[in-house]
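With mmCIF, C-alpha atoms inside, this is structure14.cif:
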data_coords
#
loop_
_atom_site.label_atom_id
_atom_site.label_comp_id
_atom_site.auth_asym_id
_atom_site.auth_seq_id
_atom_site.Cartn_x
_atom_site.Cartn_y
_atom_site.Cartn_z
CA MET K 1 -12.87 119.38 130.95
CA ALA K 2 -10.04 117.09 131.86
CA ILE K 3 -10.24 113.42 130.96
CA PHE K 4 -8.04 110.86 132.73
CA ARG K 5 -7.15 107.73 130.92
CA SER K 6 -5.92 104.59 132.64
CA SER K 7 -3.54 102.19 131.05
CA PRO K 8 -4.31 98.44 131.07
CA LYS K 9 -1.47 98.04 133.58
CA HIS K 10 -3.07 100.44 136.04
CA LEU K 11 -6.46 98.77 135.65
CA LEU K 12 -4.88 95.39 136.39
CA LEU K 13 -3.30 96.72 139.59
CA LEU K 14 -6.61 98.30 140.61
CA HIS K 15 -8.47 94.99 140.19
CA PHE K 16 -5.71 93.22 142.13
CA PHE K 17 -6.06 95.54 145.15
CA VAL K 18 -9.87 95.28 145.08
CA PHE K 19 -9.51 91.49 145.12
CA ILE K 20 -7.09 91.59 148.10
CA ILE K 21 -9.41 93.87 150.09
CA SER K 22 -12.37 91.60 149.31
CA VAL K 23 -10.52 88.49 150.48
CA THR K 24 -9.16 90.00 153.69
CA THR K 25 -12.58 91.29 154.75
CA GLN K 26 -14.26 87.88 154.41
CA PRO K 27 -14.97 86.29 157.82
CA LEU K 28 -12.68 83.36 158.60
CA PRO K 29 -14.26 80.00 159.51
CA SER K 30 -14.61 79.65 163.29
CA PRO K 31 -13.29 76.53 165.06
CA ARG K 32 -16.21 76.68 167.51
CA ALA K 33 -19.95 76.28 166.96
CA ASN K 34 -22.45 79.09 167.34
CA PHE K 35 -24.17 78.86 170.72
CA SER K 36 -26.12 82.12 170.41
CA CYS K 37 -29.80 82.26 171.35
CA SER K 38 -32.27 82.78 168.53
CA ALA K 39 -35.86 83.97 168.36
CA ASN K 40 -37.10 80.63 167.01
CA SER K 41 -35.42 78.49 169.70
CA LEU K 42 -36.78 77.40 173.06
CA SER K 43 -35.47 79.45 175.97
CA SER K 44 -34.51 76.25 177.83
CA CYS K 45 -34.45 72.53 177.16
CA PRO K 46 -33.02 69.22 178.41
CA SER K 47 -29.78 68.46 176.64
CA TYR K 48 -26.48 66.59 176.89
CA VAL K 49 -22.75 67.24 176.82
CA ALA K 50 -20.19 64.58 175.93
CA TYR K 51 -17.48 63.96 178.53
CA ILE K 52 -14.45 61.66 178.49
CA ALA K 53 -13.52 59.77 181.66
CA GLN K 54 -10.00 60.72 182.73
CA GLY K 55 -7.66 59.73 185.53
CA PRO K 56 -6.76 60.18 188.18
CA GLU K 57 -9.62 62.36 189.44
CA PHE K 58 -12.54 61.78 187.08
CA ILE K 59 -12.50 58.06 186.41
CA ASP K 60 -15.58 56.87 188.33
CA PHE K 61 -19.30 57.60 188.47
CA GLY K 62 -19.07 59.30 191.86
CA SER K 63 -16.53 61.97 190.94
CA ILE K 64 -18.07 62.72 187.53
CA SER K 65 -21.64 62.91 188.80
CA ASP K 66 -20.48 65.20 191.63
CA LEU K 67 -18.62 67.41 189.14
CA PHE K 68 -21.73 67.99 187.03
CA GLY K 69 -24.26 67.86 189.85
CA VAL K 70 -26.24 64.94 188.38
CA SER K 71 -27.23 61.55 189.75
CA ARG K 72 -25.17 58.47 189.02
CA LEU K 73 -28.26 56.72 187.70
CA SER K 74 -29.03 59.44 185.14
CA LEU K 75 -25.37 59.43 184.09
CA SER K 76 -25.28 55.65 183.57
CA GLN K 77 -28.58 55.61 181.69
CA ALA K 78 -27.59 58.45 179.37
CA SER K 79 -24.24 56.76 178.68
CA ASN K 80 -25.76 53.38 177.79
CA LEU K 81 -24.26 51.61 180.80
CA ALA K 82 -26.13 48.79 182.53
CA SER K 83 -25.42 49.98 186.05
CA GLU K 84 -24.01 52.93 187.93
CA ASP K 85 -21.64 50.41 189.50
CA ASP K 86 -20.02 49.63 186.14
CA PRO K 87 -16.30 50.48 186.09
CA LEU K 88 -15.07 53.26 183.82
CA TYR K 89 -11.99 53.32 181.60
CA PRO K 90 -9.69 56.26 180.82
CA GLY K 91 -10.89 57.69 177.52
CA GLN K 92 -14.41 56.26 177.85
CA LEU K 93 -17.08 58.49 176.28
CA LEU K 94 -20.02 59.48 178.49
CA LEU K 95 -23.13 61.60 178.05
CA ILE K 96 -23.98 64.04 180.84
CA PRO K 97 -27.62 65.18 181.16
CA ILE K 98 -27.91 68.95 181.62
CA THR K 99 -30.51 71.71 181.52
CA CYS K 100 -29.63 74.19 178.79
CA GLY K 101 -30.89 77.75 178.92
CA CYS K 102 -30.47 81.11 177.22
CA SER K 103 -28.45 83.59 179.31
CA GLY K 104 -27.03 86.89 178.08
CA GLY K 105 -27.61 86.04 174.44
CA SER K 106 -25.96 82.62 174.54
CA PHE K 107 -27.01 79.14 175.61
CA PHE K 108 -25.31 77.73 178.70
CA ALA K 109 -25.82 75.03 181.31
CA ASN K 110 -24.70 76.57 184.59
CA ILE K 111 -22.84 74.21 186.92
CA THR K 112 -21.83 75.03 190.50
CA TYR K 113 -18.18 74.21 191.18
CA GLN K 114 -16.18 74.53 194.40
CA ILE K 115 -12.66 75.91 194.01
CA LYS K 116 -9.87 73.56 195.07
CA LYS K 117 -6.21 74.10 195.85
CA GLY K 118 -4.27 75.13 192.75
CA ASP K 119 -7.37 75.93 190.70
CA SER K 120 -7.61 78.72 188.16
CA TYR K 121 -10.42 79.41 185.72
CA PHE K 122 -8.16 78.20 182.91
CA LEU K 123 -7.35 74.89 184.61
CA VAL K 124 -10.96 74.30 185.60
CA SER K 125 -12.14 74.87 182.02
CA THR K 126 -9.44 72.77 180.34
CA LYS K 127 -8.79 69.99 182.88
CA ALA K 128 -11.94 69.37 184.89
CA PHE K 129 -14.49 70.34 182.22
CA GLU K 130 -12.37 69.41 179.17
CA ASN K 131 -13.05 72.64 177.20
CA LEU K 132 -16.83 72.40 177.49
CA THR K 133 -16.42 75.97 178.70
CA ASN K 134 -13.61 78.55 178.64
CA TRP K 135 -12.01 80.80 181.21
CA GLN K 136 -13.29 84.05 179.67
CA VAL K 137 -16.95 83.14 180.06
CA GLU K 138 -16.22 81.81 183.55
CA GLU K 139 -14.88 85.21 184.56
CA GLU K 140 -17.89 86.95 182.99
CA MET K 141 -20.29 84.64 184.83
CA ASN K 142 -18.63 85.37 188.19
CA PRO K 143 -18.16 89.17 188.18
CA GLY K 144 -17.88 89.52 191.95
CA ILE K 145 -14.91 87.13 192.27
CA ASN K 146 -11.30 88.15 191.64
CA PRO K 147 -10.08 85.61 189.04
CA THR K 148 -6.46 85.97 190.19
CA LEU K 149 -7.31 85.28 193.85
CA LEU K 150 -9.60 82.28 193.81
CA GLN K 151 -10.13 81.15 197.39
CA ILE K 152 -10.31 77.44 198.25
CA GLY K 153 -13.91 76.48 198.98
CA THR K 154 -15.44 79.35 196.99
CA GLN K 155 -18.39 78.27 194.88
CA VAL K 156 -18.36 79.59 191.32
CA THR K 157 -20.67 79.18 188.35
CA ILE K 158 -19.25 77.25 185.40
CA PRO K 159 -21.19 77.88 182.16
CA LEU K 160 -21.07 74.89 179.82
CA TYR K 161 -21.74 75.46 176.13
CA CYS K 162 -25.01 73.97 174.92
CA LYS K 163 -27.88 74.80 172.59
CA CYS K 164 -31.59 74.15 172.27
CA PRO K 165 -32.92 73.05 168.87
CA ALA K 166 -34.27 75.81 166.67
CA LYS K 167 -37.49 75.49 164.70
CA ALA K 168 -35.57 74.26 161.66
CA ASP K 169 -33.87 71.58 163.79
CA SER K 170 -37.19 70.34 165.15
CA GLU K 171 -38.72 70.26 161.68
CA ALA K 172 -35.74 68.16 160.54
CA GLY K 173 -36.45 65.69 163.36
CA PHE K 174 -33.62 66.69 165.71
CA ASN K 175 -34.59 66.65 169.39
CA PHE K 176 -31.14 67.18 170.90
CA LEU K 177 -28.00 69.11 170.03
CA VAL K 178 -25.21 67.31 171.91
CA THR K 179 -22.16 69.41 172.79
CA TYR K 180 -18.99 67.52 171.88
CA VAL K 181 -15.39 68.75 172.13
CA TRP K 182 -13.48 67.79 168.99
CA GLN K 183 -10.58 65.48 169.88
CA PRO K 184 -7.13 65.00 168.30
CA GLY K 185 -7.41 62.38 165.59
CA ASP K 186 -11.16 62.88 165.11
CA ALA K 187 -12.60 62.55 161.63
CA LEU K 188 -16.06 63.66 160.62
CA SER K 189 -17.12 60.12 159.74
CA SER K 190 -15.92 58.62 163.04
CA VAL K 191 -17.59 61.32 165.13
CA ALA K 192 -20.84 60.84 163.22
CA LYS K 193 -20.67 57.09 163.88
CA LYS K 194 -20.16 57.62 167.63
CA PHE K 195 -23.42 59.54 167.91
CA ASN K 196 -25.41 57.73 165.22
CA ALA K 197 -25.54 60.99 163.26
CA THR K 198 -24.72 61.76 159.64
CA PRO K 199 -21.68 63.76 158.51
CA GLY K 200 -23.91 66.03 156.42
CA ASP K 201 -26.12 66.91 159.41
CA ILE K 202 -23.08 67.73 161.56
CA VAL K 203 -21.62 70.01 158.88
CA LYS K 204 -24.98 71.74 158.38
CA GLU K 205 -25.52 72.29 162.11
CA ASN K 206 -22.03 73.75 162.49
CA LYS K 207 -22.30 76.01 159.46
CA GLY K 208 -19.21 78.20 159.09
CA VAL K 209 -17.14 76.01 161.45
CA ASN K 210 -13.81 74.64 160.26
CA LEU K 211 -14.08 71.16 161.80
CA THR K 212 -10.52 70.21 160.86
CA ALA K 213 -9.31 73.11 163.05
CA SER K 214 -11.78 72.44 165.88
CA VAL K 215 -9.55 70.30 168.11
CA GLY K 216 -10.20 71.37 171.69
CA HIS K 217 -13.33 73.33 170.73
CA PRO K 218 -16.99 72.43 171.29
CA VAL K 219 -19.20 71.62 168.33
CA LEU K 220 -22.85 70.54 168.07
CA ILE K 221 -24.01 67.05 167.12
CA PRO K 222 -27.68 66.98 166.02
CA VAL K 223 -29.51 63.75 166.93
CA SER K 224 -33.14 62.68 166.80
CA GLN K 225 -32.77 60.49 169.88
CA LEU K 226 -30.16 59.87 172.53
CA PRO K 227 -27.40 57.77 170.91
CA ALA K 228 -26.65 54.37 172.40
CA LEU K 229 -22.93 54.84 172.97
CA SER K 230 -20.72 51.86 172.24
CA GLN K 231 -19.27 50.86 175.61
CA PRO K 232 -16.62 48.24 176.58
CA LEU K 233 -18.05 44.84 177.44
CA ASN K 234 -15.32 43.63 179.78
CA ALA K 235 -14.75 45.17 183.17
CA PRO K 236 -11.23 46.17 184.23
CA PRO K 237 -9.39 43.44 186.18
CA LYS K 238 -10.36 43.35 189.85
CA ARG K 239 -7.91 43.21 192.69
CA LYS K 240 -7.25 39.73 194.01
CA GLU K 241 -8.61 39.17 197.51
CA SER K 242 -6.56 37.09 199.89
CA LYS K 243 -8.11 33.97 201.40
CA HIS K 244 -5.71 33.90 204.33
CA GLU K 245 -4.78 35.90 207.37
CA TRP K 246 -1.21 37.00 206.71
CA ILE K 247 1.46 37.60 209.31
CA ILE K 248 4.03 40.34 208.66
CA VAL K 249 7.20 40.10 210.76
CA ALA K 250 8.46 43.33 212.32
CA LEU K 251 11.94 43.62 213.89
CA ARG K 252 13.06 46.21 216.41
CA SER K 253 16.23 46.64 218.41
CA GLU K 254 16.15 47.37 222.16
CA ASN K 255 19.45 47.43 224.09
CA GLU K 256 21.24 45.61 221.29
CA LYS K 257 18.76 42.71 221.45
CA ILE K 258 16.59 41.80 218.45
CA GLU K 259 12.98 41.26 219.44
CA LYS K 260 10.57 39.61 216.99
CA LYS K 261 7.00 40.83 216.88
CA TYR K 262 4.21 40.04 214.48
CA VAL K 263 1.63 42.27 212.80
CA THR K 264 -1.71 40.52 212.43
CA LEU K 265 -3.70 41.56 209.35
CA PRO K 266 -7.30 40.82 208.37
CA ASN K 267 -8.18 39.46 204.96
CA ILE K 268 -7.43 42.39 202.61
CA PRO K 269 -7.32 42.84 198.83
CA LEU K 270 -3.81 42.26 197.58
CA ALA K 271 -2.39 44.84 195.16
CA ARG K 272 -2.34 42.39 192.28
CA GLU K 273 -4.63 42.00 189.29
CA GLU K 274 -6.44 38.77 188.48
CA SER K 275 -4.34 36.46 186.35
CA THR K 276 -5.97 34.95 183.28
CA THR K 277 -4.13 31.71 184.05
CA GLN K 278 -5.79 31.40 187.49
CA GLU K 279 -2.48 30.67 189.21
CA GLU K 280 -2.70 29.07 192.66
CA GLU K 281 -2.46 31.37 195.64
CA PRO K 282 0.38 30.53 198.07
CA GLU K 283 -0.69 28.93 201.35
CA ASN K 284 1.80 30.65 203.65
CA HIS K 285 4.45 33.36 203.92
CA GLU K 286 7.27 30.97 203.03
CA GLU K 287 5.67 30.07 199.70
CA ALA K 288 4.77 33.68 198.93
CA SER K 289 8.31 34.89 199.65
CA ASN K 290 9.62 32.73 196.81
CA GLU K 291 7.51 34.48 194.13
CA GLU K 292 8.38 37.97 192.90
CA VAL K 293 4.76 38.94 192.24
CA TRP K 294 3.72 38.12 195.81
CA ILE K 295 6.76 39.85 197.29
CA LYS K 296 5.78 43.05 195.47
CA ALA K 297 2.15 42.60 196.55
CA MET K 298 3.17 42.26 200.21
CA GLU K 299 5.48 45.27 199.99
CA GLU K 300 2.69 47.39 198.55
CA GLU K 301 0.26 46.29 201.26
CA ILE K 302 2.81 47.06 203.99
CA LYS K 303 3.23 50.59 202.61
CA ILE K 304 -0.54 51.10 202.66
CA ILE K 305 -0.85 49.70 206.18
CA GLU K 306 1.98 51.90 207.50
CA LYS K 307 0.50 54.97 205.81
CA ASN K 308 -2.99 54.36 207.27
CA GLU K 309 -1.61 53.12 210.62
CA THR K 310 -3.96 50.14 210.55
CA TRP K 311 -1.65 47.65 212.26
CA GLU K 312 -0.71 46.55 215.77
CA LEU K 313 2.13 44.54 217.31
CA ALA K 314 1.25 41.07 218.63
CA ASP K 315 3.18 38.18 220.13
CA ALA K 316 4.38 35.47 217.75
CA SER K 317 2.11 32.47 217.42
CA GLU K 318 3.11 29.01 216.24
CA THR K 319 -0.29 28.53 214.58
CA LYS K 320 0.12 31.46 212.19
CA ASN K 321 1.43 31.15 208.67
#

Spit out the file's structure as structure tokens when you get a sec.
Amino acid sequence: MAIFRSSPKHLLLLHFFVFIISVTTQPLPSPRANFSCSANSLSSCPSYVAYIAQGPEFIDFGSISDLFGVSRLSLSQASNLASEDDPLYPGQLLLIPITCGCSGGSFFANITYQIKKGDSYFLVSTKAFENLTNWQVEEEMNPGINPTLLQIGTQVTIPLYCKCPAKADSEAGFNFLVTYVWQPGDALSSVAKKFNATPGDIVKENKGVNLTASVGHPVLIPVSQLPALSQPLNAPPKRKESKHEWIIVALRSENEKIEKKYVTLPNIPLAREESTTQEEEPENHEEASNEEVWIKAMEEEIKIIEKNETWELADASETKN
């Protein structure tokens, strides 16, 4: 009977390789939360996704409510805003009410979206919906549509990541799991403060998720009640409205003669923001033409008028300014 003996050196190498194999087979932390359905979760529930107002397209209640198919009132109430007429700022955090449901083993909120010029599933997921979904699940949710030939006007289903509370969540007092896309510069403490949550609860709900590597990925924020988001108190500056009827002089040449005509305009908002010093508005064209800010304002208005063709030629009048 043969007996094999191993030297200490060989045993050390053997332990080393076993250690390497053990390490490499361990699952790596995911940057994204687990949105899978579970047996002890509701099949559907009301929920919320966090969305950040962004220009130039999604910077007002109308465009954002249309994007998600919700009312402006429900959007303003969920986002702790006094009125649906409140102005929005770029970067302002909003809460969008959704209906979350289990579909194909994962929780999604299905949104109907109409394809526009230049759209692709990737751009729709990253730009319009800010990574609340991804292009792979969009393709899977729309199997009858060629993803490389999206036709303008085609309606597609956009599945947003969401999740209904499990039994353990409900027992812990959590009524909502808000979907939030981790942003550059986010810290666990600051995100927790935004949603009136605790860092420990966020870590526990996103078990196995590497939050420091989650930028651009959705995570879950467990809350017992809808957080009262901290919103700006001051509205953006409004455009100054003219108190006068302005006269814009137009010149044209006919047979080498210069003929003066006047364009009569109604009272229109001037392309100028309110000044905190409440400077006096000029009384006539002569005064306005001496101030750079009013010259620029008039030039901008002329461009708008010419573009929209909302002007007409009229004879000069001595009574006009």

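Minimum atom-to-atom distance to Glu84 in chain K, evaluated using all atoms listed in the file, belongs to K:Ile64 out of K:Ile64, K:Leu229, K:Leu211, K:Val49.
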
field: Output check: residues returned by the PyMOL selection byres ((chain K and resi 53) around 6), as an MDAnalysis selection string
entry: chainID K and resid 52 54 58:59 90:92

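In this model, the gap between CA of Gly101 in chain K and CA of Ala128 in chain K comes to 21.6 Å.
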
Tell me, as an mmCIF file with C-alpha atoms, in the frame of the given file, which residues lie within 8 Å of range 143-151 of chain K, counting only C-alpha atoms; anything in the same chain fewer than 2 positions away does not count.
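Dumped everything to selection21.cif:
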data_model
loop_
_atom_site.group_PDB
_atom_site.id
_atom_site.type_symbol
_atom_site.label_atom_id
_atom_site.label_comp_id
_atom_site.auth_asym_id
_atom_site.auth_seq_id
_atom_site.Cartn_x
_atom_site.Cartn_y
_atom_site.Cartn_z
ATOM 1 C CA ILE K 115 -12.660 75.910 194.010
ATOM 2 C CA LYS K 116 -9.870 73.560 195.070
ATOM 3 C CA ASP K 119 -7.370 75.930 190.700
ATOM 4 C CA SER K 120 -7.610 78.720 188.160
ATOM 5 C CA TYR K 121 -10.420 79.410 185.720
ATOM 6 C CA GLU K 139 -14.880 85.210 184.560
ATOM 7 C CA GLU K 140 -17.890 86.950 182.990
ATOM 8 C CA MET K 141 -20.290 84.640 184.830
ATOM 9 C CA GLY K 153 -13.910 76.480 198.980
ATOM 10 C CA THR K 154 -15.440 79.350 196.990
#

- request: Could you tell me which residues the PyMOL selection byres ((chain K and resi 187-191) around 12) returns for this structure, as an MDAnalysis selection string?
  value: chainID K and resid 50 93 178 180:186 192:203 206 210:215 219:222 227 229

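Counting only C-alpha atoms, the residue from K:Ile158, K:Val137, K:Leu73, K:Cys164 that sits nearest to Phe35 in chain K is K:Cys164.
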
message: Which residues are close to Gln231 in chain K, i.e. within 12 Å by all atoms listed in the file, leaving aside same-chain residues fewer than 5 positions away? Reply as a VMD selection string.
response: chain K and resid 76 78 to 82 86 to 89 91 to 95 194

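When CA of Leu226 in chain K is paired with CA of Ser47 in chain K, their separation reads 9.5 Å.
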
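The residues returned by the PyMOL selection byres ((chain K and resi 109) around 8) for this structure are K:Ile98, K:Thr99, K:Cys100, K:Gly101, K:Phe107, K:Phe108, K:Asn110, K:Ile111, K:Pro159, K:Leu160, K:Tyr161, K:Cys162.
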
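We find CA of Cys45 in chain K and CA of Ser65 in chain K to be spaced 19.8 Å apart.
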
statement: Nearest to Thr179 in chain K, restricted to all atoms listed in the file and choosing among K:Val223, K:Cys37, K:Leu132, K:Ala228, comes out as K:Leu132

- request: Find the residues near Val156 in chain K: any atom within 7 Å, counting all atoms listed in the file, skip ones fewer than 6 places away on the same chain, and give them as a VMD selection string.
  value: chain K and resid 112 to 114 142

Could you please take those selected residues and save C-alpha atoms as a PDB file, keeping the file's coordinate frame?
ATOM      1  CA  THR K 112     -21.830  75.030 190.500  1.00  0.00           C
ATOM      2  CA  TYR K 113     -18.180  74.210 191.180  1.00  0.00           C
ATOM      3  CA  GLN K 114     -16.180  74.530 194.400  1.00  0.00           C
ATOM      4  CA  ASN K 142     -18.630  85.370 188.190  1.00  0.00           C
TER       5      ASN K 142
END

query: Which residues, written as number ranges by chain, have at least one atom at most 8 Å from Gln225 in chain K, with all atoms listed in the file counted and residues fewer than 3 positions away on the same chain left out?
result: K: 174-176

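Counting only C-alpha atoms, the residue from K:Val70, K:Ala172, K:Ile152, K:Ala33 that sits nearest to Gly208 in chain K is K:Ala33.
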
- request: Select, from K:Asn131, K:Ala168, K:Leu177, K:Glu138, the residue with the minimum atom-to-atom distance to Pro97 in chain K, counting only C-alpha atoms.
  value: K:Leu177

Kindly output range 182-214 of chain K as a PDB file, in the coordinates of the input, after building N, CA and C atoms.
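As written to disk, rebuild_23.pdb reads:
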ATOM      1  N   TRP K 182     -14.234  68.503 170.035  1.00  0.00           N
ATOM      2  CA  TRP K 182     -13.480  67.790 168.990  1.00  0.00           C
ATOM      3  C   TRP K 182     -12.122  67.346 169.530  1.00  0.00           C
ATOM      4  N   GLN K 183     -11.788  66.064 169.322  1.00  0.00           N
ATOM      5  CA  GLN K 183     -10.580  65.480 169.880  1.00  0.00           C
ATOM      6  C   GLN K 183      -9.482  65.318 168.831  1.00  0.00           C
ATOM      7  N   PRO K 184      -8.217  65.284 169.241  1.00  0.00           N
ATOM      8  CA  PRO K 184      -7.130  65.000 168.300  1.00  0.00           C
ATOM      9  C   PRO K 184      -7.367  63.652 167.614  1.00  0.00           C
ATOM     10  N   GLY K 185      -7.198  63.614 166.319  1.00  0.00           N
ATOM     11  CA  GLY K 185      -7.410  62.380 165.590  1.00  0.00           C
ATOM     12  C   GLY K 185      -8.834  62.149 165.128  1.00  0.00           C
ATOM     13  N   ASP K 186      -9.763  63.031 165.536  1.00  0.00           N
ATOM     14  CA  ASP K 186     -11.160  62.880 165.110  1.00  0.00           C
ATOM     15  C   ASP K 186     -11.307  63.104 163.609  1.00  0.00           C
ATOM     16  N   ALA K 187     -12.182  62.344 163.018  1.00  0.00           N
ATOM     17  CA  ALA K 187     -12.600  62.550 161.630  1.00  0.00           C
ATOM     18  C   ALA K 187     -14.109  62.694 161.631  1.00  0.00           C
ATOM     19  N   LEU K 188     -14.626  63.417 160.675  1.00  0.00           N
ATOM     20  CA  LEU K 188     -16.060  63.660 160.620  1.00  0.00           C
ATOM     21  C   LEU K 188     -16.850  62.361 160.614  1.00  0.00           C
ATOM     22  N   SER K 189     -16.398  61.396 159.844  1.00  0.00           N
ATOM     23  CA  SER K 189     -17.120  60.120 159.740  1.00  0.00           C
ATOM     24  C   SER K 189     -17.129  59.361 161.065  1.00  0.00           C
ATOM     25  N   SER K 190     -15.996  59.362 161.774  1.00  0.00           N
ATOM     26  CA  SER K 190     -15.920  58.620 163.040  1.00  0.00           C
ATOM     27  C   SER K 190     -16.754  59.282 164.126  1.00  0.00           C
ATOM     28  N   VAL K 191     -16.776  60.607 164.151  1.00  0.00           N
ATOM     29  CA  VAL K 191     -17.590  61.320 165.130  1.00  0.00           C
ATOM     30  C   VAL K 191     -19.070  61.068 164.853  1.00  0.00           C
ATOM     31  N   ALA K 192     -19.451  61.111 163.588  1.00  0.00           N
ATOM     32  CA  ALA K 192     -20.840  60.840 163.220  1.00  0.00           C
ATOM     33  C   ALA K 192     -21.256  59.437 163.661  1.00  0.00           C
ATOM     34  N   LYS K 193     -20.361  58.471 163.489  1.00  0.00           N
ATOM     35  CA  LYS K 193     -20.670  57.090 163.880  1.00  0.00           C
ATOM     36  C   LYS K 193     -20.845  56.964 165.382  1.00  0.00           C
ATOM     37  N   LYS K 194     -20.041  57.682 166.163  1.00  0.00           N
ATOM     38  CA  LYS K 194     -20.160  57.620 167.630  1.00  0.00           C
ATOM     39  C   LYS K 194     -21.548  57.986 168.099  1.00  0.00           C
ATOM     40  N   PHE K 195     -22.136  58.988 167.450  1.00  0.00           N
ATOM     41  CA  PHE K 195     -23.420  59.540 167.910  1.00  0.00           C
ATOM     42  C   PHE K 195     -24.593  59.113 167.027  1.00  0.00           C
ATOM     43  N   ASN K 196     -24.363  58.176 166.132  1.00  0.00           N
ATOM     44  CA  ASN K 196     -25.410  57.730 165.220  1.00  0.00           C
ATOM     45  C   ASN K 196     -26.008  58.917 164.464  1.00  0.00           C
ATOM     46  N   ALA K 197     -25.139  59.809 164.028  1.00  0.00           N
ATOM     47  CA  ALA K 197     -25.540  60.990 163.260  1.00  0.00           C
ATOM     48  C   ALA K 197     -24.972  60.839 161.844  1.00  0.00           C
ATOM     49  N   THR K 198     -25.281  61.791 160.993  1.00  0.00           N
ATOM     50  CA  THR K 198     -24.720  61.760 159.640  1.00  0.00           C
ATOM     51  C   THR K 198     -23.717  62.900 159.485  1.00  0.00           C
ATOM     52  N   PRO K 199     -22.656  62.683 158.730  1.00  0.00           N
ATOM     53  CA  PRO K 199     -21.680  63.760 158.510  1.00  0.00           C
ATOM     54  C   PRO K 199     -22.307  65.018 157.951  1.00  0.00           C
ATOM     55  N   GLY K 200     -23.267  64.858 157.027  1.00  0.00           N
ATOM     56  CA  GLY K 200     -23.910  66.030 156.420  1.00  0.00           C
ATOM     57  C   GLY K 200     -24.673  66.854 157.441  1.00  0.00           C
ATOM     58  N   ASP K 201     -25.363  66.183 158.382  1.00  0.00           N
ATOM     59  CA  ASP K 201     -26.120  66.910 159.410  1.00  0.00           C
ATOM     60  C   ASP K 201     -25.181  67.665 160.353  1.00  0.00           C
ATOM     61  N   ILE K 202     -24.037  67.064 160.674  1.00  0.00           N
ATOM     62  CA  ILE K 202     -23.080  67.730 161.560  1.00  0.00           C
ATOM     63  C   ILE K 202     -22.517  68.980 160.884  1.00  0.00           C
ATOM     64  N   VAL K 203     -22.155  68.854 159.621  1.00  0.00           N
ATOM     65  CA  VAL K 203     -21.620  70.010 158.880  1.00  0.00           C
ATOM     66  C   VAL K 203     -22.669  71.111 158.797  1.00  0.00           C
ATOM     67  N   LYS K 204     -23.907  70.747 158.511  1.00  0.00           N
ATOM     68  CA  LYS K 204     -24.980  71.740 158.380  1.00  0.00           C
ATOM     69  C   LYS K 204     -25.244  72.446 159.694  1.00  0.00           C
ATOM     70  N   GLU K 205     -25.253  71.688 160.804  1.00  0.00           N
ATOM     71  CA  GLU K 205     -25.520  72.290 162.110  1.00  0.00           C
ATOM     72  C   GLU K 205     -24.404  73.219 162.545  1.00  0.00           C
ATOM     73  N   ASN K 206     -23.190  72.931 162.129  1.00  0.00           N
ATOM     74  CA  ASN K 206     -22.030  73.750 162.490  1.00  0.00           C
ATOM     75  C   ASN K 206     -21.589  74.595 161.294  1.00  0.00           C
ATOM     76  N   LYS K 207     -22.549  75.203 160.656  1.00  0.00           N
ATOM     77  CA  LYS K 207     -22.300  76.010 159.460  1.00  0.00           C
ATOM     78  C   LYS K 207     -21.262  77.094 159.759  1.00  0.00           C
ATOM     79  N   GLY K 208     -20.254  77.193 158.903  1.00  0.00           N
ATOM     80  CA  GLY K 208     -19.210  78.200 159.090  1.00  0.00           C
ATOM     81  C   GLY K 208     -18.096  77.762 160.018  1.00  0.00           C
ATOM     82  N   VAL K 209     -18.167  76.518 160.530  1.00  0.00           N
ATOM     83  CA  VAL K 209     -17.140  76.010 161.450  1.00  0.00           C
ATOM     84  C   VAL K 209     -16.151  75.162 160.676  1.00  0.00           C
ATOM     85  N   ASN K 210     -14.876  75.437 160.870  1.00  0.00           N
ATOM     86  CA  ASN K 210     -13.810  74.640 160.260  1.00  0.00           C
ATOM     87  C   ASN K 210     -13.542  73.446 161.176  1.00  0.00           C
ATOM     88  N   LEU K 211     -14.182  72.312 160.906  1.00  0.00           N
ATOM     89  CA  LEU K 211     -14.080  71.160 161.800  1.00  0.00           C
ATOM     90  C   LEU K 211     -12.669  70.606 161.888  1.00  0.00           C
ATOM     91  N   THR K 212     -11.894  70.725 160.828  1.00  0.00           N
ATOM     92  CA  THR K 212     -10.520  70.210 160.860  1.00  0.00           C
ATOM     93  C   THR K 212      -9.639  71.026 161.804  1.00  0.00           C
ATOM     94  N   ALA K 213     -10.069  72.257 162.125  1.00  0.00           N
ATOM     95  CA  ALA K 213      -9.310  73.110 163.050  1.00  0.00           C
ATOM     96  C   ALA K 213     -10.004  73.231 164.397  1.00  0.00           C
ATOM     97  N   SER K 214     -10.946  72.314 164.680  1.00  0.00           N
ATOM     98  CA  SER K 214     -11.780  72.440 165.880  1.00  0.00           C
ATOM     99  C   SER K 214     -11.277  71.638 167.073  1.00  0.00           C
TER     100      SER K 214
END
